[in-house]
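Colleague: So here's final_25.txt (compact mmCIF, C-alpha atoms).
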```txt
# COMPACT_ATOMS: atom_id res chain seq x y z
CA MET A 1 3.17 -9.34 -26.64
CA ALA A 2 6.77 -9.50 -27.86
CA ILE A 3 7.36 -6.03 -26.39
CA THR A 4 5.79 -7.15 -23.12
CA LYS A 5 8.21 -10.08 -22.92
CA LEU A 6 11.10 -7.71 -23.56
CA VAL A 7 9.91 -5.44 -20.72
CA ALA A 8 9.79 -8.49 -18.41
CA ARG A 9 13.54 -8.92 -18.86
CA ARG A 10 14.05 -5.81 -16.72
CA THR A 11 12.72 -7.60 -13.62
CA THR A 12 14.78 -7.78 -10.45
CA CYS A 13 12.61 -10.60 -9.06
CA LEU A 14 14.39 -13.89 -8.48
CA ARG A 15 11.29 -16.06 -8.89
CA ARG A 16 9.37 -14.76 -11.90
CA ALA A 17 9.87 -12.24 -14.71
CA VAL A 18 6.65 -10.38 -15.53
CA GLY A 19 6.15 -7.52 -17.96
CA ALA A 20 3.12 -5.35 -18.69
CA ILE A 21 2.27 -2.62 -21.17
CA LEU A 22 -0.75 -0.36 -21.49
CA VAL A 23 -1.91 0.44 -25.00
CA LYS A 24 -4.54 2.91 -26.14
CA GLU A 25 -5.37 3.84 -29.72
CA LYS A 26 -2.47 1.70 -30.96
CA ARG A 27 0.07 3.60 -28.83
CA ILE A 28 2.06 2.30 -25.87
CA LEU A 29 1.25 4.51 -22.87
CA ALA A 30 3.42 2.93 -20.17
CA THR A 31 5.40 -0.18 -19.31
CA GLY A 32 5.93 -2.02 -16.05
CA TYR A 33 7.84 -4.99 -14.71
CA ASN A 34 7.96 -6.63 -11.32
CA GLY A 35 10.55 -5.42 -8.84
CA ALA A 36 11.24 -3.40 -5.70
CA PRO A 37 10.13 0.25 -5.44
CA ALA A 38 12.46 2.88 -6.92
CA GLY A 39 15.47 3.60 -4.75
CA LEU A 40 15.12 0.45 -2.63
CA ARG A 41 17.45 -2.53 -2.76
CA HIS A 42 16.28 -5.27 -5.07
CA CYS A 43 15.82 -8.95 -4.30
CA GLU A 44 18.92 -9.61 -6.41
CA GLU A 45 20.85 -7.79 -3.67
CA VAL A 46 19.04 -8.79 -0.46
CA GLY A 47 17.48 -12.13 -1.35
CA CYS A 48 13.89 -13.20 -1.83
CA LEU A 49 11.62 -12.77 1.20
CA ARG A 50 9.09 -15.16 -0.31
CA GLU A 51 11.68 -17.84 -1.02
CA ASP A 52 13.30 -17.46 2.40
CA SER A 53 9.87 -17.84 4.06
CA SER A 54 8.73 -20.74 1.82
CA ILE A 55 5.66 -18.82 0.60
CA PRO A 56 3.95 -20.73 -2.23
CA SER A 57 3.52 -19.05 -5.60
CA GLY A 58 0.16 -17.34 -6.02
CA THR A 59 -0.38 -16.73 -2.29
CA ARG A 60 0.27 -13.95 0.22
CA HIS A 61 1.18 -11.36 -2.42
CA GLU A 62 1.63 -8.72 0.27
CA LEU A 63 4.69 -10.56 1.61
CA CYS A 64 7.12 -9.38 -1.04
CA ARG A 65 9.53 -6.46 -1.51
CA GLY A 66 8.43 -6.07 -5.10
CA LEU A 67 5.51 -4.56 -6.92
CA HIS A 68 3.75 -6.51 -9.64
CA ALA A 69 4.23 -5.45 -13.25
CA GLU A 70 0.55 -4.46 -13.46
CA GLN A 71 0.91 -2.22 -10.41
CA ASN A 72 4.04 -0.63 -11.84
CA VAL A 73 2.45 0.06 -15.24
CA ILE A 74 -0.45 1.89 -13.55
CA ILE A 75 1.98 3.83 -11.31
CA GLN A 76 4.18 4.79 -14.27
CA ALA A 77 1.19 6.13 -16.18
CA ALA A 78 0.07 8.15 -13.13
CA TYR A 79 3.62 9.42 -12.50
CA HIS A 80 3.75 10.79 -16.05
CA GLY A 81 0.17 12.11 -16.02
CA LEU A 82 -1.23 9.71 -18.62
CA ALA A 83 -4.91 8.84 -18.74
CA ILE A 84 -5.35 5.07 -18.99
CA ASN A 85 -9.14 4.78 -18.79
CA GLY A 86 -10.23 2.57 -21.70
CA ALA A 87 -6.73 1.20 -22.32
CA THR A 88 -5.77 -2.40 -23.04
CA LEU A 89 -3.27 -4.27 -20.86
CA TYR A 90 -0.85 -6.79 -22.34
CA CYS A 91 0.86 -8.87 -19.66
CA THR A 92 3.12 -11.88 -19.67
CA ASN A 93 1.14 -13.32 -16.74
CA LYS A 94 -2.53 -13.33 -15.81
CA PRO A 95 -3.15 -10.67 -13.13
CA CYS A 96 -3.65 -11.74 -9.51
CA VAL A 97 -6.72 -10.62 -7.57
CA ILE A 98 -4.93 -7.59 -6.07
CA CYS A 99 -3.88 -6.35 -9.50
CA SER A 100 -7.30 -7.24 -10.92
CA LYS A 101 -9.02 -4.86 -8.52
CA MET A 102 -6.59 -2.08 -9.44
CA LEU A 103 -7.04 -2.66 -13.18
CA ILE A 104 -10.82 -2.59 -12.87
CA ASN A 105 -10.72 0.71 -10.94
CA ALA A 106 -8.22 2.18 -13.41
CA GLY A 107 -10.73 1.67 -16.22
CA ILE A 108 -8.80 -0.96 -18.17
CA ARG A 109 -11.20 -2.52 -20.71
CA GLN A 110 -9.25 -5.50 -22.07
CA ILE A 111 -6.47 -7.75 -20.83
CA TYR A 112 -4.38 -10.10 -22.94
CA TYR A 113 -1.92 -12.41 -21.20
CA ALA A 114 0.45 -15.22 -22.15
CA GLU A 115 0.45 -17.50 -19.11
CA GLY A 116 -0.44 -17.63 -15.45
CA TYR A 117 -2.08 -19.45 -12.61
CA ASP A 118 -5.81 -19.70 -12.05
CA ASP A 119 -7.35 -17.22 -9.64
CA PRO A 120 -11.12 -17.82 -9.42
CA LEU A 121 -11.79 -14.60 -7.48
CA SER A 122 -9.92 -12.56 -10.08
CA ASP A 123 -11.91 -14.26 -12.86
CA GLN A 124 -15.17 -13.57 -11.04
CA MET A 125 -14.34 -9.88 -10.60
CA PHE A 126 -13.31 -9.49 -14.24
CA ALA A 127 -16.58 -11.09 -15.35
CA GLU A 128 -18.67 -8.90 -13.06
CA ALA A 129 -16.85 -5.81 -14.35
CA ALA A 130 -17.44 -6.96 -17.95
CA LEU A 131 -13.70 -6.73 -18.55
CA LYS A 132 -12.51 -8.86 -21.46
CA VAL A 133 -9.65 -11.18 -20.45
CA GLU A 134 -8.05 -13.44 -23.03
CA LYS A 135 -5.10 -15.82 -23.03
CA LEU A 136 -3.03 -15.51 -26.16
CA ASP A 137 -1.52 -18.71 -27.51
CA LEU A 138 1.94 -17.80 -28.66
```
Can you turn what I pasted into structure tokens?
Modeller:
Amino acid sequence: MAITKLVARRTTCLRRAVGAILVKEKRILATGYNGAPAGLRHCEEVGCLREDSSIPSGTRHELCRGLHAEQNVIIQAAYHGLAINGATLYCTNKPCVICSKMLINAGIRQIYYAEGYDDPLSDQMFAEAALKVEKLDL
């Protein structure tokens, strides 16, 4: 989890720093942090769309320039041709419902997180998919 927190420091998000790593067979496969897509201007440069529009945390995830750390870790693995089926995700924050659906379809088997807001639909989907999700007390 210490590595995950270090990855989160790379964020370009003005509201929250989130880091994620995928691990399989005791090896780090990929890392991700929240921020704008490659080659696009970051919120640090153009401001925060969510802040400017008074969008509450945990809602309307689609109204943001950035990708979530969990999305970026999956994309990085795909970009480099790494199989992540059966991997474990370590994340500084509990995944939202959008990321939860992606993680389930990517074949992630376990998720460990440090903090985050409650998302009952995400919890329900994880339970139905028999995906182990655990908060680590650090």
Colleague: Near segment 42-45 of chain A, within 9 Å and counting all atoms listed in the file, which residues show up once chain neighbours fewer than 2 positions away are dropped, as a PyMOL selection string?
Modeller: chain A and resi 12-14+35-37+39-40+47-49+65-66
Colleague: Go ahead and compute the interatomic distance for atom CA of Leu29 of chain A and atom CA of Leu82 of chain A, in Å to one decimal.
Modeller: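 Spanning atom CA of Leu29 of chain A to atom CA of Leu82 of chain A is a straight-line distance of 7.2 Å.
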Colleague: Distance cut-off 10 Å, centre (-5.2, 0.6, -25.3) in file coordinates, counting only C-alpha atoms: which residues qualify? Return them as a VMD selection string.
Modeller: chain A and resid 21 to 29 84 to 90 108 to 111
Colleague: Which polymer residues have any atom within 12 Å of an atom of Ile75 of chain A, counting only C-alpha atoms, with same-chain residues fewer than 2 positions away left out, as an MDAnalysis selection string?
Modeller: chainID A and resid 20:22 29:33 37:38 67:73 77:84 99 102:103 106
Colleague: From the set A:Tyr113, A:Asp123, A:Pro95, A:Glu128, which residue has the shortest atom-to-atom contact distance to Ala2 of chain A, counting all atoms listed in the file?
Modeller: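 Comparing A:Tyr113, A:Asp123, A:Pro95, A:Glu128 against Ala2 of chain A, the winner is A:Tyr113.
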Colleague: Smallest atom-to-atom distance to Asn105 of chain A: which of A:Met1, A:Leu131, A:Cys91, A:Val18, using all atoms listed in the file?
Modeller: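 Of A:Met1, A:Leu131, A:Cys91, A:Val18, the one nearest Asn105 of chain A, counting all atoms listed in the file, is A:Leu131.
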Colleague: Tell me, as a list in words, which residues lie within 7 Å of Ser122 of chain A, counting only C-alpha atoms; anything in the same chain fewer than 2 positions away does not count.
Modeller: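 Surrounding residues, per the criterion: Cys96, Val97, Ser100, Asp119, Pro120, Gln124, Met125 and Phe126 of chain A.
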Colleague: Those selected residues, please, written with C-alpha atoms and delivered as a PDB file, in the frame of the given file.
Modeller:
```pdb
ATOM      1  CA  CYS A  96      -3.650 -11.740  -9.510  1.00  0.00           C
ATOM      2  CA  VAL A  97      -6.720 -10.620  -7.570  1.00  0.00           C
ATOM      3  CA  SER A 100      -7.300  -7.240 -10.920  1.00  0.00           C
ATOM      4  CA  ASP A 119      -7.350 -17.220  -9.640  1.00  0.00           C
ATOM      5  CA  PRO A 120     -11.120 -17.820  -9.420  1.00  0.00           C
ATOM      6  CA  GLN A 124     -15.170 -13.570 -11.040  1.00  0.00           C
ATOM      7  CA  MET A 125     -14.340  -9.880 -10.600  1.00  0.00           C
ATOM      8  CA  PHE A 126     -13.310  -9.490 -14.240  1.00  0.00           C
TER       9      PHE A 126
END
```
Colleague: Could you give me the axis-aligned bounding box of segment 94-111 of chain A, with 4 Å of padding per side, as centre plus edge lengths in Å to one decimal, as JSON?
Modeller:
```
{"center_x": -6.9, "center_y": -5.6, "center_z": -14.1, "size_x": 16.7, "size_y": 23.5, "size_z": 24.0}
```
Colleague: For the atom pair atom CA of Arg60 of chain A and atom CA of Ala130 of chain A, what is the interatomic distance in Å to one decimal place?
Modeller: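 These atoms are spaced 26.3 Å apart.
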Colleague: Kindly indicate which residue among A:Ile55, A:Lys132, A:Thr92, A:Glu62 lies nearest to Arg9 of chain A, using only C-alpha atoms for the distances.
Modeller: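 So, comparing all the options, the nearest one is A:Thr92.
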